[in-house]
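Structure data (mmCIF, C-alpha atoms and all ligand atoms) from input39.cif:
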data_query
#
loop_
_atom_site.label_atom_id
_atom_site.label_comp_id
_atom_site.auth_asym_id
_atom_site.auth_seq_id
_atom_site.Cartn_x
_atom_site.Cartn_y
_atom_site.Cartn_z
CA MET A 1 10.43 -15.59 -2.70
CA ASN A 2 6.85 -14.93 -1.67
CA SER A 3 5.20 -18.33 -1.59
CA ALA A 4 3.55 -20.53 1.03
CA GLY A 5 2.83 -24.24 1.41
CA ASN A 6 0.28 -26.13 -0.68
CA THR A 7 -2.30 -24.27 -2.73
CA LEU A 8 -5.74 -24.98 -1.27
CA ILE A 9 -7.83 -22.70 -3.49
CA THR A 10 -6.54 -21.44 -6.82
CA GLU A 11 -6.76 -17.90 -8.11
CA GLU A 12 -9.22 -19.03 -10.80
CA ALA A 13 -11.47 -20.82 -8.30
CA ILE A 14 -11.52 -17.72 -6.07
CA ARG A 15 -12.34 -15.41 -8.98
CA SER A 16 -15.19 -17.57 -10.16
CA ARG A 17 -16.66 -18.03 -6.65
CA VAL A 18 -16.38 -14.30 -5.84
CA ASN A 19 -18.29 -13.51 -9.04
CA GLU A 20 -20.98 -16.02 -8.05
CA LEU A 21 -21.27 -14.48 -4.59
CA GLY A 22 -21.50 -11.00 -6.08
CA ALA A 23 -24.27 -12.08 -8.44
CA GLU A 24 -26.14 -13.78 -5.58
CA ILE A 25 -25.92 -10.68 -3.40
CA ALA A 26 -27.05 -8.45 -6.29
CA ARG A 27 -30.09 -10.71 -6.78
CA ASP A 28 -30.93 -10.84 -3.07
CA TYR A 29 -30.65 -7.05 -2.62
CA ALA A 30 -32.08 -6.04 -6.03
CA GLY A 31 -33.55 -2.54 -5.86
CA GLY A 32 -31.71 -1.82 -2.61
CA ARG A 33 -28.46 -0.19 -1.59
CA PRO A 34 -26.66 -2.45 0.86
CA VAL A 35 -23.92 -1.28 3.18
CA LEU A 36 -20.86 -3.53 3.08
CA VAL A 37 -18.81 -3.60 6.25
CA GLY A 38 -15.41 -5.16 5.62
CA VAL A 39 -13.33 -6.52 8.48
CA LEU A 40 -9.73 -5.38 8.16
CA ASN A 41 -7.07 -6.40 7.53
CA GLY A 42 -7.86 -9.87 6.27
CA ALA A 43 -10.99 -9.06 4.25
CA LEU A 44 -9.38 -6.23 2.27
CA VAL A 45 -8.58 -8.25 -0.84
CA PHE A 46 -11.87 -10.18 -0.82
CA MET A 47 -13.79 -6.97 -0.22
CA ALA A 48 -12.13 -5.21 -3.16
CA ASP A 49 -13.05 -8.01 -5.55
CA LEU A 50 -16.49 -8.73 -4.08
CA MET A 51 -17.73 -5.14 -4.20
CA ARG A 52 -16.88 -4.93 -7.88
CA ALA A 53 -18.82 -8.16 -8.50
CA ILE A 54 -22.01 -6.70 -7.00
CA ASP A 55 -23.91 -4.84 -9.70
CA LEU A 56 -25.83 -2.55 -7.36
CA PRO A 57 -25.32 0.87 -5.83
CA LEU A 58 -23.69 0.23 -2.46
CA GLU A 59 -21.66 1.77 0.31
CA TYR A 60 -18.53 0.38 1.85
CA TYR A 61 -17.02 0.93 5.30
CA ALA A 62 -14.27 -0.82 7.19
CA VAL A 63 -13.93 -1.97 10.76
CA ALA A 64 -10.89 -3.65 12.27
CA ALA A 65 -10.64 -6.34 14.91
CA SER A 66 -7.75 -8.26 16.34
CA SER A 67 -8.41 -11.62 17.92
CA TYR A 68 -5.90 -14.16 16.90
CA ALA A 69 -2.55 -15.28 18.30
CA GLY A 70 -0.54 -17.64 16.12
CA THR A 71 -2.63 -20.57 15.00
CA GLU A 72 -4.85 -20.58 18.09
CA SER A 73 -7.58 -18.05 18.82
CA THR A 74 -7.08 -16.14 22.06
CA GLY A 75 -10.82 -15.82 22.55
CA SER A 76 -10.57 -12.11 23.29
CA VAL A 77 -11.50 -9.60 20.62
CA GLU A 78 -10.20 -6.08 20.41
CA ILE A 79 -12.05 -3.64 18.16
CA ILE A 80 -9.23 -1.54 16.77
CA LYS A 81 -11.37 0.50 14.40
CA PRO A 82 -15.10 0.73 15.11
CA LEU A 83 -17.70 1.49 12.45
CA ASP A 84 -17.89 5.23 11.89
CA ALA A 85 -21.10 5.37 9.86
CA ASP A 86 -24.79 5.45 10.71
CA VAL A 87 -26.26 2.15 9.52
CA SER A 88 -29.62 2.40 11.30
CA GLY A 89 -32.39 1.19 9.02
CA ARG A 90 -29.89 -0.05 6.43
CA ASP A 91 -29.23 -3.51 5.01
CA VAL A 92 -25.77 -4.40 6.25
CA ILE A 93 -23.54 -7.13 4.85
CA VAL A 94 -20.51 -7.95 6.98
CA VAL A 95 -17.63 -9.13 4.81
CA GLU A 96 -15.10 -11.42 6.52
CA ASP A 97 -12.01 -13.21 5.31
CA ILE A 98 -12.52 -16.29 7.46
CA VAL A 99 -14.79 -17.45 10.26
CA ASP A 100 -12.96 -19.80 12.56
CA THR A 101 -14.20 -19.97 16.19
CA GLY A 102 -16.79 -17.29 15.38
CA ILE A 103 -15.74 -15.19 18.36
CA THR A 104 -14.63 -12.16 16.32
CA LEU A 105 -17.74 -12.18 14.18
CA ASP A 106 -20.02 -12.62 17.20
CA ARG A 107 -18.48 -9.57 18.85
CA LEU A 108 -18.76 -7.47 15.68
CA LEU A 109 -22.37 -8.52 15.19
CA GLN A 110 -23.24 -7.48 18.74
CA ASP A 111 -21.86 -4.00 18.06
CA LEU A 112 -23.62 -3.77 14.71
CA ARG A 113 -26.99 -4.88 16.09
CA ALA A 114 -26.79 -2.04 18.59
CA ALA A 115 -26.74 0.35 15.60
CA GLN A 116 -30.20 -0.98 14.61
CA PRO A 117 -29.78 -1.80 10.94
CA ALA A 118 -32.82 -3.11 9.01
CA SER A 119 -30.97 -6.38 8.41
CA ILE A 120 -27.55 -7.94 8.90
CA ALA A 121 -26.10 -10.72 6.76
CA VAL A 122 -22.60 -12.16 6.80
CA CYS A 123 -20.49 -13.01 3.77
CA THR A 124 -17.22 -14.82 4.39
CA LEU A 125 -14.69 -16.03 1.88
CA LEU A 126 -13.67 -18.98 4.03
CA ASN A 127 -15.46 -20.95 6.71
CA LYS A 128 -13.88 -23.41 9.16
CA PRO A 129 -17.04 -24.90 10.71
CA SER A 130 -15.10 -27.57 12.62
CA ARG A 131 -13.55 -24.90 14.85
CA ARG A 132 -16.72 -23.05 15.82
CA VAL A 133 -17.26 -22.24 19.49
CA VAL A 134 -19.89 -19.50 19.03
CA ASP A 135 -22.94 -20.12 16.88
CA VAL A 136 -23.00 -17.44 14.17
CA SER A 137 -25.31 -17.39 11.19
CA ILE A 138 -23.51 -16.96 7.86
CA LYS A 139 -25.55 -16.32 4.74
CA TYR A 140 -22.83 -16.33 2.07
CA VAL A 141 -19.82 -18.66 2.20
CA GLY A 142 -17.15 -18.77 -0.48
CA PHE A 143 -15.48 -22.00 0.56
CA GLU A 144 -15.68 -24.37 3.50
CA ILE A 145 -12.18 -25.44 4.44
CA PRO A 146 -10.75 -28.05 6.81
CA ASN A 147 -9.10 -27.15 10.11
CA GLU A 148 -5.84 -25.89 8.67
CA PHE A 149 -4.13 -22.55 9.02
CA VAL A 150 -4.29 -20.78 5.67
CA VAL A 151 -2.72 -17.70 4.13
CA GLY A 152 -3.08 -15.64 0.98
CA TYR A 153 -5.77 -13.50 -0.67
CA GLY A 154 -5.65 -11.13 2.30
CA LEU A 155 -4.91 -13.67 5.04
CA ASP A 156 -1.56 -13.40 6.76
CA TYR A 157 0.94 -15.26 8.81
CA ASN A 158 2.94 -12.77 10.85
CA GLN A 159 1.80 -10.07 8.36
CA GLN A 160 3.22 -12.02 5.41
CA TYR A 161 1.49 -13.62 2.42
CA ARG A 162 -1.51 -11.27 2.24
CA ASN A 163 -0.69 -10.52 -1.39
CA LEU A 164 -0.71 -14.11 -2.62
CA PRO A 165 -3.47 -14.33 -5.26
CA TYR A 166 -4.46 -17.82 -4.03
CA VAL A 167 -5.17 -19.46 -0.65
CA ALA A 168 -2.54 -21.86 0.65
CA THR A 169 -1.77 -23.87 3.74
CA LEU A 170 1.49 -23.04 5.48
CA ALA A 171 4.51 -25.27 5.08
CA PRO A 172 5.12 -26.97 8.48
CA GLU A 173 8.41 -25.18 9.15
CA GLN A 174 6.61 -21.83 8.75
CA ASP A 175 4.06 -22.64 11.42
CA GLY A 176 4.39 -21.21 14.94
CA GLN A 177 3.04 -18.73 17.42
CA HIS A 178 2.77 -15.19 16.14
CA ARG A 179 0.14 -12.55 16.51
CA GLN A 180 -2.36 -12.24 13.68
CA ASP A 181 -4.37 -9.08 13.19
CA GLY A 182 -7.70 -9.63 11.44
P1 LIG B 201 -12.36 -16.30 14.95
O1 LIG B 201 -12.70 -15.19 15.90
O2 LIG B 201 -13.51 -16.73 14.08
O3 LIG B 201 -11.73 -17.46 15.66
O4 LIG B 201 -11.20 -15.78 14.07
C1 LIG B 201 -11.37 -14.92 13.05
C2 LIG B 201 -10.07 -14.28 12.65
O5 LIG B 201 -8.94 -15.11 12.96
C3 LIG B 201 -10.06 -14.10 11.17
O6 LIG B 201 -10.63 -12.87 10.79
C4 LIG B 201 -8.57 -14.20 10.85
O7 LIG B 201 -7.97 -12.95 11.02
C5 LIG B 201 -8.02 -15.13 11.91
N1 LIG B 201 -7.91 -16.51 11.38
C6 LIG B 201 -8.67 -17.57 11.68
N2 LIG B 201 -8.28 -18.66 11.02
C7 LIG B 201 -7.23 -18.26 10.25
C8 LIG B 201 -6.39 -18.94 9.31
O8 LIG B 201 -6.51 -20.13 8.99
N3 LIG B 201 -5.43 -18.18 8.71
C9 LIG B 201 -5.25 -16.85 8.99
N4 LIG B 201 -4.29 -16.23 8.35
N5 LIG B 201 -6.03 -16.19 9.88
C10 LIG B 201 -7.00 -16.90 10.49
#

Could you rewrite the structure in this file as structure tokens?
Amino acid sequence: MNSAGNTLITEEAIRSRVNELGAEIARDYAGGRPVLVGVLNGALVFMADLMRAIDLPLEYYAVAASSYAGTESTGSVEIIKPLDADVSGRDVIVVEDIVDTGITLDRLLQDLRAAQPASIAVCTLLNKPSRRVVDVSIKYVGFEIPNEFVVGYGLDYNQQYRNLPYVATLAPEQDGQHRQDG
């Protein structure tokens, strides 16, 4: 059976918040054509829903980073798939599943800034501010969550649970040290 521990954020709450974020982004970028840059693999599900909630012409690209071992960040970020699009002069919105220490996002933002976009904003479904070690500025946050390891709605544990339609904490016996890829 594909289930996790306790539900932290229900499917309905996610849907409603994603629609709000989409409407907010559409208002903020009205008349423009933002470039969404989704961070695989975790942001895939959020990205798919968010982009359909933004009533604007837009472009979407994916990058992939790996930075996480088990429930503790390793602090080293590997860019597995770099951005293969020219975003110079464009309004870029980075779409993340979760910002934890901020190390992954910081590294991605450094790379993106080098591409000289007109602007960069970050939209994350989940934010764990208590774990931050690098100061990153996040414009759009779906939900602030406590310092717990969560799965579902794109987030995995050992590549499992990404397809849960809600966000849940892991049951204690499922916790452990395994590699997590963005
Ligand atoms: P950071 O570099 O901010 O510490 O970590 C960001 C990445 O770590 C996220 O994109 C995600 O892949 C992973 N991560 C951080 N916290 C969690 C969590 O609670 N659950 C899962 N499944 N992944 C997490």

I'd like the neighbourhood of range 19-25 of chain A as a PyMOL selection string, where a residue qualifies if any of its atoms comes within 10 Å (using all atoms listed in the file), though same-chain residues fewer than 4 positions away should be ignored.
chain A and resi 14-15+29-30+34+49-56+93+123-125+139-142

Review point. Rounded to one decimal in Å, what is the spacing between CA of Ile138 in chain A and CA of Leu44 in chain A?
Key: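 It comes out at 18.6 Å.
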
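Using only C-alpha atoms and all ligand atoms, residues with at least one atom at most 6 Å away from any atom of ligand LIG 201 (chain B) are Gly42, Ser67, Tyr68, Ser73, Asp97, Ile98, Val99, Asp100, Thr101, Gly102, Ile103, Thr104, Glu148, Phe149, Val150, Val151, Leu155, Asp156, Tyr157, Asp181 and Gly182 of chain A.
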
Counting only C-alpha atoms, the residue among A:Gly89, A:Gly38, A:Gly32, A:Pro146 that lies closest to Pro117 in chain A is A:Gly89

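Counting from CA of Ala65 in chain A, the distance to CA of Leu109 in chain A is 11.9 Å.
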
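Going from CA of Arg107 in chain A to CA of Ala48 in chain A covers 23.3 Å.
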
Min atom-atom distance to Asp28 in chain A from the set A:Ala121, A:Ala168, A:Leu83, A:Val134, counting all atoms listed in the file, belongs to A:Ala121

* To do: Name the closest residue to Asp91 in chain A among the candidates A:Ile145, A:Val63, A:Val35, A:Val45; distances are taken between atoms, counting all atoms listed in the file.
  =>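 Comparing A:Ile145, A:Val63, A:Val35, A:Val45 against Asp91 in chain A, the winner is A:Val35.
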